[in-house]
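Engineer: One file: entry21.cif (mmCIF, C-alpha atoms).
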```
data_model
#
loop_
_atom_site.label_atom_id
_atom_site.label_comp_id
_atom_site.auth_asym_id
_atom_site.auth_seq_id
_atom_site.Cartn_x
_atom_site.Cartn_y
_atom_site.Cartn_z
CA MET J 27 70.89 91.12 50.85
CA GLU J 28 70.61 88.52 53.60
CA LEU J 29 70.41 89.92 57.11
CA ILE J 30 73.58 88.13 58.23
CA THR J 31 75.54 89.76 55.39
CA THR J 32 74.04 93.13 56.22
CA ILE J 33 74.98 92.77 59.90
CA LYS J 34 78.54 91.78 59.04
CA GLN J 35 78.89 94.80 56.79
CA LYS J 36 77.43 97.16 59.37
CA ALA J 37 79.76 95.76 62.04
CA ALA J 38 82.74 96.24 59.75
CA ASP J 39 81.65 99.79 58.98
CA LEU J 40 81.39 100.50 62.71
CA GLN J 41 84.89 99.24 63.56
CA ALA J 42 86.53 102.68 63.73
CA GLU J 43 83.71 104.05 65.89
CA LEU J 44 83.81 100.98 68.13
CA GLN J 45 87.54 101.45 68.65
CA ASP J 46 86.99 105.10 69.58
CA ILE J 47 84.22 104.15 72.02
CA ARG J 48 86.29 101.44 73.65
CA ARG J 49 89.33 103.66 74.03
CA HIS J 50 87.28 106.49 75.53
CA LEU J 51 85.77 104.10 78.06
CA HIS J 52 89.16 102.56 78.78
CA MET J 53 90.69 105.98 79.43
CA HIS J 54 87.90 106.96 81.84
CA PRO J 55 87.21 103.95 84.09
CA GLU J 56 85.04 104.25 87.18
CA LEU J 57 84.74 101.95 90.17
CA SER J 58 81.62 100.05 91.20
CA MET J 59 78.67 102.33 92.01
CA GLN J 60 80.67 105.34 90.81
CA GLU J 61 79.88 104.95 87.09
CA LYS J 62 78.29 108.41 86.70
CA GLU J 63 80.29 109.60 83.69
CA THR J 64 80.24 106.16 82.08
CA SER J 65 76.46 106.16 82.35
CA ALA J 66 76.26 109.65 80.85
CA PHE J 67 78.45 108.56 77.93
CA ILE J 68 76.22 105.56 77.22
CA GLN J 69 73.12 107.73 77.40
CA ALA J 70 74.63 110.16 74.89
CA LYS J 71 75.42 107.30 72.50
CA LEU J 72 71.93 105.83 72.74
CA SER J 73 70.45 109.28 72.15
CA GLY J 74 72.64 109.65 69.06
CA TYR J 75 71.36 106.33 67.75
CA GLY J 76 67.76 107.39 68.39
CA ILE J 77 67.18 104.62 70.93
CA PRO J 78 64.89 105.46 73.89
CA PHE J 79 66.16 104.57 77.34
CA THR J 80 65.55 104.91 81.05
CA THR J 81 68.14 105.77 83.68
CA GLY J 82 68.70 105.58 87.41
CA MET J 83 68.15 101.86 87.81
CA ALA J 84 70.58 100.66 90.52
CA VAL J 85 71.81 104.28 90.58
CA HIS J 86 73.79 104.42 87.33
CA GLY J 87 72.15 101.67 85.26
CA VAL J 88 70.82 102.44 81.77
CA VAL J 89 68.15 100.39 80.00
CA GLY J 90 67.46 100.98 76.31
CA MET J 91 64.62 99.53 74.25
CA ILE J 92 64.49 98.70 70.56
CA GLU J 93 61.03 97.79 69.31
CA GLY J 94 60.68 95.82 66.09
CA ARG J 95 57.67 95.21 63.87
CA ASN J 96 55.72 93.30 66.53
CA PRO J 97 57.10 94.60 69.84
CA GLY J 98 54.80 92.48 71.96
CA LYS J 99 55.58 89.21 70.21
CA GLN J 100 58.77 88.40 72.12
CA VAL J 101 61.36 90.24 74.18
CA ILE J 102 65.03 89.38 74.63
CA ALA J 103 67.64 91.16 76.73
CA LEU J 104 71.30 91.91 76.03
CA ARG J 105 73.55 92.89 78.92
CA ALA J 106 76.88 94.65 79.47
CA ASP J 107 78.56 95.61 82.76
CA MET J 108 80.07 99.05 83.34
CA ASP J 109 82.45 99.14 86.31
CA ALA J 110 86.25 98.99 86.47
CA LEU J 111 88.75 97.67 89.02
CA PRO J 112 91.07 99.31 91.61
CA ILE J 113 94.23 98.52 89.61
CA THR J 114 96.97 100.87 88.40
CA GLU J 115 97.45 100.26 84.67
CA LYS J 116 100.97 99.46 83.44
CA ASN J 117 100.26 99.36 79.69
CA GLN J 118 102.21 101.87 77.60
CA VAL J 119 99.44 102.84 75.18
CA ASP J 120 97.94 106.18 74.21
CA TYR J 121 94.54 105.10 75.58
CA CYS J 122 95.88 104.17 79.02
CA SER J 123 93.64 104.89 82.01
CA GLN J 124 93.60 108.55 83.03
CA ASN J 125 92.08 107.78 86.42
CA PRO J 126 94.93 106.89 88.79
CA GLY J 127 94.49 103.54 90.47
CA VAL J 128 91.46 102.57 88.36
CA MET J 129 91.53 100.36 85.26
CA HIS J 130 89.23 98.42 82.96
CA ALA J 131 91.19 95.25 83.65
CA CYS J 132 88.21 92.92 83.22
CA GLY J 133 87.10 94.05 79.78
CA HIS J 134 83.91 95.84 80.75
CA ASP J 135 84.91 98.63 78.35
CA VAL J 136 84.73 96.00 75.60
CA HIS J 137 81.39 94.69 76.83
CA MET J 138 79.81 98.16 76.75
CA THR J 139 81.32 98.91 73.35
CA CYS J 140 80.00 95.70 71.81
CA LEU J 141 76.52 96.26 73.21
CA LEU J 142 76.47 99.82 71.89
CA GLY J 143 77.59 98.53 68.50
CA ALA J 144 74.93 95.83 68.52
CA ALA J 145 72.35 98.45 69.53
CA SER J 146 73.29 100.65 66.59
CA ILE J 147 73.02 97.74 64.15
CA LEU J 148 69.76 96.43 65.59
CA ASN J 149 68.14 99.84 65.63
CA ASP J 150 68.95 100.23 61.92
CA LEU J 151 67.35 96.85 61.27
CA LYS J 152 64.37 97.11 63.61
CA ASP J 153 61.89 96.88 60.73
CA HIS J 154 63.22 93.36 60.14
CA ILE J 155 62.95 92.29 63.80
CA GLU J 156 59.96 90.41 65.22
CA GLY J 157 59.81 91.60 68.81
CA SER J 158 61.74 93.87 71.14
CA ILE J 159 65.27 94.05 72.48
CA LYS J 160 66.07 95.33 75.95
CA LEU J 161 69.58 96.76 76.27
CA ILE J 162 70.88 96.49 79.84
CA PHE J 163 73.93 98.50 80.88
CA GLN J 164 74.54 97.38 84.44
CA PRO J 165 76.76 98.92 87.14
CA SER J 166 78.78 97.21 89.86
CA GLU J 167 79.46 93.71 88.61
CA GLU J 168 82.73 93.61 90.54
CA LYS J 169 81.37 94.37 94.00
CA PHE J 170 78.93 92.55 96.28
CA PRO J 171 75.96 92.39 96.28
CA GLY J 172 76.33 92.78 92.49
CA GLY J 173 74.59 95.27 90.26
CA ALA J 174 72.61 92.49 88.61
CA SER J 175 70.80 91.67 91.85
CA MET J 176 70.12 95.38 92.39
CA MET J 177 68.71 95.85 88.90
CA ILE J 178 66.51 92.78 89.21
CA LYS J 179 65.10 94.18 92.46
CA ALA J 180 64.52 97.49 90.66
CA GLY J 181 62.49 95.71 87.95
CA VAL J 182 64.85 95.34 85.00
CA LEU J 183 63.30 91.97 84.13
CA GLU J 184 59.78 93.45 84.06
CA ASN J 185 57.75 95.79 81.87
CA PRO J 186 58.41 94.15 79.48
CA ALA J 187 59.73 90.84 80.75
CA PRO J 188 62.37 89.25 78.49
CA GLN J 189 61.99 85.58 77.62
CA LYS J 190 65.72 85.12 76.94
CA MET J 191 68.93 86.90 77.90
CA PHE J 192 72.44 87.03 76.46
CA GLY J 193 75.69 88.35 77.90
CA GLN J 194 79.26 88.15 76.71
CA HIS J 195 82.61 88.43 78.47
CA VAL J 196 86.12 88.75 77.11
CA LEU J 197 88.44 85.75 77.39
CA PRO J 198 92.19 86.51 77.01
CA SER J 199 93.09 82.84 76.57
CA LEU J 200 90.93 82.63 73.42
CA GLU J 201 92.18 84.08 70.15
CA ALA J 202 90.45 87.20 68.82
CA GLY J 203 87.94 86.25 66.17
CA LYS J 204 86.66 83.28 68.17
CA VAL J 205 83.96 82.81 70.78
CA GLY J 206 83.42 80.09 73.38
CA MET J 207 80.31 78.57 74.92
CA LYS J 208 79.22 75.98 77.47
CA PRO J 209 75.68 74.79 78.18
CA GLY J 210 74.59 74.04 81.74
CA LYS J 211 76.56 75.02 84.81
CA TYR J 212 79.41 77.31 83.79
CA MET J 213 80.68 79.64 86.53
CA ALA J 214 80.85 79.11 90.28
CA SER J 215 79.06 80.73 93.16
CA THR J 216 81.26 82.99 95.24
CA ASP J 217 81.39 83.82 98.95
CA GLU J 218 83.90 85.92 100.86
CA ILE J 219 85.22 84.46 104.11
CA TYR J 220 86.48 86.80 106.86
CA LEU J 221 88.03 85.34 110.03
CA THR J 222 89.35 87.33 112.98
CA VAL J 223 91.39 85.12 115.31
CA LYS J 224 91.79 86.62 118.79
CA GLY J 225 94.30 85.73 121.47
CA LYS J 226 96.59 87.49 123.92
CA GLY J 227 99.64 89.17 122.52
CA GLY J 228 102.98 89.65 124.16
CA HIS J 229 106.71 89.08 123.87
CA GLY J 230 107.76 86.32 121.51
CA ALA J 231 110.28 85.06 124.09
CA THR J 232 107.55 84.43 126.71
CA PRO J 233 105.04 82.22 124.86
CA GLU J 234 103.72 80.79 128.12
CA LEU J 235 102.27 84.21 128.95
CA ASN J 236 100.50 84.59 125.59
CA VAL J 237 97.66 83.05 123.67
CA ASP J 238 99.24 83.08 120.23
CA PRO J 239 96.67 84.01 117.52
CA VAL J 240 99.28 83.50 114.78
CA LEU J 241 99.67 79.83 115.68
CA ILE J 242 95.92 79.45 116.12
CA ALA J 243 95.29 81.04 112.71
CA ALA J 244 97.85 78.74 111.10
CA HIS J 245 96.09 75.68 112.52
CA ILE J 246 92.73 77.01 111.31
CA LEU J 247 94.10 77.73 107.83
CA VAL J 248 95.47 74.21 107.42
CA ALA J 249 92.43 72.51 108.94
CA LEU J 250 89.97 74.37 106.72
CA GLN J 251 91.45 72.68 103.67
CA GLN J 252 89.53 69.59 104.83
CA ILE J 253 86.26 71.38 104.08
CA VAL J 254 86.70 70.69 100.38
CA SER J 255 88.93 67.61 100.42
CA ARG J 256 86.89 65.64 102.97
CA THR J 257 83.33 67.01 102.97
CA ALA J 258 82.57 68.10 99.39
CA PRO J 259 81.30 65.29 97.13
CA PRO J 260 84.28 64.29 94.93
CA GLN J 261 82.29 64.94 91.75
CA LEU J 262 81.44 68.50 92.86
CA PRO J 263 83.88 71.25 91.86
CA ALA J 264 84.69 73.36 94.93
CA VAL J 265 87.48 75.70 95.99
CA LEU J 266 88.31 77.24 99.37
CA SER J 267 91.29 79.58 99.11
CA PHE J 268 92.75 82.21 101.43
CA GLY J 269 94.66 85.12 99.96
CA ARG J 270 95.14 87.34 103.01
CA PHE J 271 96.80 86.49 106.35
CA ILE J 272 97.49 89.59 108.41
CA ALA J 273 99.41 89.27 111.69
CA GLU J 274 100.77 92.70 112.53
CA GLY J 275 103.42 91.77 115.04
CA ARG J 276 107.20 91.65 114.72
CA THR J 277 109.93 89.07 115.08
CA ASN J 278 109.56 89.26 118.86
CA ILE J 279 106.01 90.60 119.19
CA ILE J 280 102.93 88.36 119.20
CA PRO J 281 99.87 90.41 118.13
CA ASN J 282 96.49 90.26 119.83
CA GLU J 283 94.66 89.20 116.68
CA VAL J 284 95.12 87.86 113.18
CA LYS J 285 92.89 88.32 110.14
CA LEU J 286 92.30 85.73 107.43
CA ASP J 287 90.37 86.52 104.25
CA GLY J 288 89.37 83.93 101.68
CA THR J 289 86.85 82.79 99.11
CA LEU J 290 84.58 79.78 98.69
CA ARG J 291 83.49 78.68 95.19
CA THR J 292 81.16 75.84 94.23
CA PHE J 293 78.22 74.70 92.08
CA ASP J 294 75.74 73.33 94.63
CA GLU J 295 73.59 75.47 96.91
CA VAL J 296 72.97 72.74 99.51
CA TRP J 297 76.65 71.95 99.95
CA ARG J 298 77.47 75.67 99.83
CA SER J 299 75.27 76.28 102.89
CA GLU J 300 76.73 73.24 104.65
CA ALA J 301 80.26 74.49 103.95
CA HIS J 302 79.42 77.81 105.59
CA LEU J 303 78.39 76.00 108.78
CA ARG J 304 81.46 73.75 108.73
CA ILE J 305 83.84 76.70 108.24
CA GLU J 306 82.34 78.53 111.21
CA ARG J 307 82.24 75.45 113.42
CA MET J 308 85.80 74.37 112.64
CA ALA J 309 87.36 77.84 112.97
CA THR J 310 85.66 78.66 116.27
CA SER J 311 86.26 75.26 117.86
CA ILE J 312 89.96 75.19 116.96
CA ALA J 313 90.44 78.70 118.33
CA GLU J 314 88.62 77.85 121.55
CA SER J 315 90.55 74.60 122.02
CA MET J 316 93.79 76.60 121.86
CA GLY J 317 92.63 79.25 124.34
CA GLY J 318 91.53 81.92 121.88
CA SER J 319 88.44 82.80 119.89
CA CYS J 320 87.49 83.37 116.27
CA ASP J 321 84.90 85.71 114.80
CA VAL J 322 83.55 84.39 111.48
CA PHE J 323 81.81 86.52 108.87
CA ILE J 324 80.75 84.95 105.57
CA ASP J 325 79.55 87.43 102.97
CA LYS J 326 77.32 85.37 100.69
CA GLY J 327 77.85 86.46 97.11
CA TYR J 328 76.70 85.49 93.64
CA PRO J 329 75.01 82.15 92.89
CA PHE J 330 76.49 79.82 90.30
CA LEU J 331 75.86 80.71 86.67
CA VAL J 332 73.89 78.24 84.57
CA ASN J 333 73.47 78.51 80.81
CA ASP J 334 70.12 77.29 79.55
CA ASP J 335 70.69 74.32 77.23
CA GLN J 336 68.28 75.42 74.52
CA VAL J 337 69.22 79.10 74.53
CA THR J 338 72.91 78.19 74.47
CA GLU J 339 72.35 75.80 71.55
CA GLU J 340 70.56 78.60 69.70
CA ALA J 341 73.46 80.94 70.44
CA ARG J 342 76.00 78.37 69.30
CA HIS J 343 74.11 77.81 66.05
CA ALA J 344 74.01 81.57 65.43
CA ALA J 345 77.73 81.84 66.19
CA VAL J 346 78.57 79.01 63.76
CA GLU J 347 76.53 80.75 61.07
CA TYR J 348 78.24 84.07 61.75
CA LEU J 349 81.84 82.98 62.39
CA GLY J 350 82.16 79.41 61.11
CA ALA J 351 82.37 76.27 63.23
CA GLU J 352 86.15 76.51 63.50
CA ASN J 353 85.76 79.77 65.44
CA VAL J 354 83.28 78.51 68.05
CA ALA J 355 85.04 76.78 70.95
CA ASP J 356 83.76 74.53 73.73
CA LEU J 357 84.45 75.87 77.22
CA ASP J 358 85.07 74.10 80.52
CA LEU J 359 83.69 74.90 83.96
CA ARG J 360 85.20 78.01 85.52
CA MET J 361 85.67 78.60 89.24
CA THR J 362 85.51 82.35 88.65
CA ALA J 363 82.20 84.06 89.32
CA GLU J 364 79.91 86.57 87.61
CA ASP J 365 76.81 88.38 88.79
CA PHE J 366 75.16 87.58 85.45
CA ALA J 367 74.35 84.42 87.42
CA TYR J 368 71.46 86.28 89.03
CA TYR J 369 69.85 86.75 85.60
CA SER J 370 70.57 83.15 84.62
CA GLN J 371 68.73 81.94 87.72
CA GLN J 372 65.68 84.00 86.73
CA ILE J 373 65.27 83.52 82.96
CA PRO J 374 66.74 81.24 80.26
CA SER J 375 70.13 82.76 79.47
CA CYS J 376 73.41 82.29 77.64
CA PHE J 377 76.65 83.82 78.90
CA TYR J 378 79.42 83.27 76.37
CA ARG J 379 83.03 84.31 75.84
CA LEU J 380 84.61 86.65 73.32
CA GLY J 381 88.22 85.93 72.37
CA THR J 382 90.64 88.85 72.66
CA ARG J 383 94.10 87.23 72.46
CA ASN J 384 96.81 88.13 69.95
CA GLU J 385 100.17 86.55 70.72
CA GLU J 386 101.98 88.33 67.88
CA ARG J 387 101.15 91.66 69.52
CA ASN J 388 101.76 90.33 73.06
CA ILE J 389 98.10 90.77 73.97
CA VAL J 390 98.16 87.78 76.27
CA HIS J 391 97.79 89.07 79.83
CA ASN J 392 95.07 87.73 82.06
CA LEU J 393 91.99 89.43 83.47
CA HIS J 394 92.41 91.53 86.62
CA THR J 395 96.08 92.28 85.85
CA ASP J 396 97.73 95.65 85.25
CA ARG J 397 98.82 94.65 81.72
CA PHE J 398 95.47 93.36 80.46
CA ASP J 399 94.51 94.57 76.98
CA VAL J 400 92.54 93.28 74.00
CA ASP J 401 92.95 92.87 70.27
CA GLU J 402 90.39 95.41 69.13
CA LYS J 403 89.36 93.40 66.10
CA ALA J 404 87.27 91.54 68.69
CA LEU J 405 84.99 94.59 68.86
CA GLU J 406 83.60 94.04 65.38
CA VAL J 407 83.07 90.35 66.14
CA GLY J 408 81.44 91.04 69.50
CA ALA J 409 79.05 93.71 68.23
CA GLY J 410 78.06 91.90 65.04
CA LEU J 411 77.59 88.50 66.65
CA MET J 412 75.46 89.90 69.46
CA ALA J 413 73.26 91.64 66.88
CA TRP J 414 72.95 88.42 64.85
CA MET J 415 72.07 86.39 67.97
CA ALA J 416 69.32 88.89 68.77
CA VAL J 417 67.88 88.77 65.26
CA LYS J 418 67.95 84.97 65.20
CA SER J 419 66.27 84.77 68.61
CA LEU J 420 63.41 86.97 67.45
CA HIS J 421 62.64 85.12 64.23
#
```
Kindly return the structure encoded in the file as structure tokens.
Structural biologist:
Amino acid sequence: MELITTIKQKAADLQAELQDIRRHLHMHPELSMQEKETSAFIQAKLSGYGIPFTTGMAVHGVVGMIEGRNPGKQVIALRADMDALPITEKNQVDYCSQNPGVMHACGHDVHMTCLLGAASILNDLKDHIEGSIKLIFQPSEEKFPGGASMMIKAGVLENPAPQKMFGQHVLPSLEAGKVGMKPGKYMASTDEIYLTVKGKGGHGATPELNVDPVLIAAHILVALQQIVSRTAPPQLPAVLSFGRFIAEGRTNIIPNEVKLDGTLRTFDEVWRSEAHLRIERMATSIAESMGGSCDVFIDKGYPFLVNDDQVTEEARHAAVEYLGAENVADLDLRMTAEDFAYYSQQIPSCFYRLGTRNEERNIVHNLHTDRFDVDEKALEVGAGLMAWMAVKSLH
């Protein structure tokens, strides 16, 4: 029997187990750097499959290793993230989160499940694999500085060093049964912008006695929109958005300070650094010109994610073989961010998308929402395709 047929059959046979794994993980989500029980569950599964692993990397990270016939010939890495989000789930399902205020609203339960499924399949077929497969279960994708950067510092890309890396992420806008890919630049860098505008509070009816930080902050907020519209090259995708404006006064009380929190996204490191300087310069100068001051803190986050052209073409070819060309979609640039970008900046990588949408069952809600869910038939696709990509990469 051809390997691709064998993998498809094994993935189909695993579907019930994959559903159980995913639902267990979904019911027991843990926040970034708190993934203790999640890590223990993954370790137990790998032990049950007979796959050796190491623990404790970036605190709760787990790294398994499957060695084929010629383990030193080539090494590839497969990655899944482990953490959940601080969201209260609103889904009415029997596998709803049992941890109040915490939810797998970004699909990391699916990512772990698919990697475990792929690990089971690949371990069964290791006598047919030329090389080794490193299985990376990574904590804290959702929180700066990102678990990927921590695991790289801890040596996850060494001993042995993978030559290629693959990661997948759910995509609720793509129908279950399909995957999506994009070579080259794919996801944006991300920085968090924190501004504290300071003035002199007082009674709203005596503005001449105050230095109004609300008005100053409003001017800063509007002016900062010029950072993208008038300083970014027009051909460069860039976003500067503010989602938090806190002025804790009242109708007749001007507060002493106002806080603004936002995010900067782009695809160019030179302009990214320039934008940081321009944000600080503009915010502080406007505040000073209006009699106040502004403290600026920019928390530099993940770099932009770039998919290696050759590795992505190999992944696309494998996906077409496994799913058919009609089920492999082309993706556009995304201004969202992912700490897989750290890996992609180190070794040739492909980060692709796994469709999870099912409109008939109303499984349509977006990532990071309290109603997010997936069509679980995607589990079989995700596990089997990842296994097939690994086998193809090592032949």
Engineer: Could you list the residues chosen by the PyMOL selection byres ((chain J and resi 92) around 6) in this structure as number ranges by chain?
Structural biologist: J: 91, 93, 158-159
Engineer: Determine, counting only C-alpha atoms, every residue of protein, DNA or RNA that lies within 7 Å of (66.3, 84.8, 78.8) in the file coordinates, then give the result as an mmCIF file with C-alpha atoms, in the coordinates of the input.
Structural biologist:
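Result saved to part27.cif:
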```
data_model
loop_
_atom_site.group_PDB
_atom_site.id
_atom_site.type_symbol
_atom_site.label_atom_id
_atom_site.label_comp_id
_atom_site.auth_asym_id
_atom_site.auth_seq_id
_atom_site.Cartn_x
_atom_site.Cartn_y
_atom_site.Cartn_z
ATOM 1 C CA ILE J 102 65.030 89.380 74.630
ATOM 2 C CA ALA J 103 67.640 91.160 76.730
ATOM 3 C CA PRO J 188 62.370 89.250 78.490
ATOM 4 C CA GLN J 189 61.990 85.580 77.620
ATOM 5 C CA LYS J 190 65.720 85.120 76.940
ATOM 6 C CA MET J 191 68.930 86.900 77.900
ATOM 7 C CA PHE J 192 72.440 87.030 76.460
ATOM 8 C CA ILE J 373 65.270 83.520 82.960
ATOM 9 C CA PRO J 374 66.740 81.240 80.260
ATOM 10 C CA SER J 375 70.130 82.760 79.470
#
```
Engineer: What's the separation between CA of Asn384 (chain J) and CA of Asn333 (chain J), in Å to one decimal place?
Structural biologist: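 Those two atoms sit 27.5 Å apart.
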Engineer: Hey, which of J:Leu40, J:Cys320, J:Ala264, J:Val85 ends up closest to Thr216 (chain J)? Count all atoms listed in the file.
Structural biologist: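 Between J:Leu40, J:Cys320, J:Ala264, J:Val85, the residue approaching Thr216 (chain J) most closely is J:Ala264.
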Engineer: Using 10 Å as the limit and counting all atoms listed in the file, can you tabulate each residue of region 218-274 of chain J that touches region 311-317 of chain J, with its shortest atom-to-atom distance in Å and the two atoms involved, as a tab-separated table?
Structural biologist:
```
residue	atom	partner	partner_atom	distance
J:Val223	CA	J:Ala313	CA	7.2
J:Lys224	CA	J:Ala313	CA	8.0
J:Gly225	CA	J:Gly317	CA	7.3
J:Lys226	CA	J:Gly317	CA	9.2
J:Asn236	CA	J:Gly317	CA	9.6
J:Val237	CA	J:Gly317	CA	6.3
J:Asp238	CA	J:Met316	CA	8.6
J:Pro239	CA	J:Ala313	CA	8.2
J:Leu241	CA	J:Met316	CA	9.1
J:Ile242	CA	J:Ala313	CA	6.0
J:Ala243	CA	J:Ala313	CA	7.8
J:His245	CA	J:Ile312	CA	7.6
J:Ile246	CA	J:Ile312	CA	6.6
J:Ala249	CA	J:Ile312	CA	8.8
```
Engineer: Within 9 Å of Glu306 (chain J), counting only C-alpha atoms, which residues show up once you throw out same-chain ones fewer than 3 positions away? Write them as a count of residues only, please.
Structural biologist: 12
Engineer: Write out as a ChimeraX atom specification the residues lying within 12 Å of Asp399 (chain J), counting all atoms listed in the file and excluding same-chain residues fewer than 6 positions away.
Structural biologist: /J:48-49,52,115-119,121-123,129-136,196-199,202,381-385,387-393
Engineer: Could you spell out the hits of the PyMOL selection byres ((chain J and resi 208) around 7) on the shown file, as a VMD selection string?
Structural biologist: chain J and resid 207 209 to 210 212 356 to 358
Engineer: I'd like to see the residues matched by the PyMOL selection byres ((chain J and resi 344) around 8) on this file, and ideally I'd get them as a ChimeraX atom specification.
Structural biologist: /J:340-343,345-348,411,414-415,418
Engineer: Keeping only C-alpha atoms, write the selected residues to a file as a tab-separated table (two decimals), in the frame of the given file.
Structural biologist:
```tsv
chain	number	residue	atom	x	y	z
J	340	GLU	CA	70.56	78.60	69.70
J	341	ALA	CA	73.46	80.94	70.44
J	342	ARG	CA	76.00	78.37	69.30
J	343	HIS	CA	74.11	77.81	66.05
J	345	ALA	CA	77.73	81.84	66.19
J	346	VAL	CA	78.57	79.01	63.76
J	347	GLU	CA	76.53	80.75	61.07
J	348	TYR	CA	78.24	84.07	61.75
J	411	LEU	CA	77.59	88.50	66.65
J	414	TRP	CA	72.95	88.42	64.85
J	415	MET	CA	72.07	86.39	67.97
J	418	LYS	CA	67.95	84.97	65.20
```
Engineer: Could you name the residues that touch region 169-181 of chain J at 7 Å or less, counting only C-alpha atoms, but leaving out those on the same chain fewer than 2 positions away, as a list in words?
Structural biologist: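 Using only C-alpha atoms, the neighbours found are Ser58, Met83, Ala84, Gln164, Pro165, Ser166, Glu167, Leu183, Glu184, Gly327, Asp365, Phe366 and Tyr368 of chain J.
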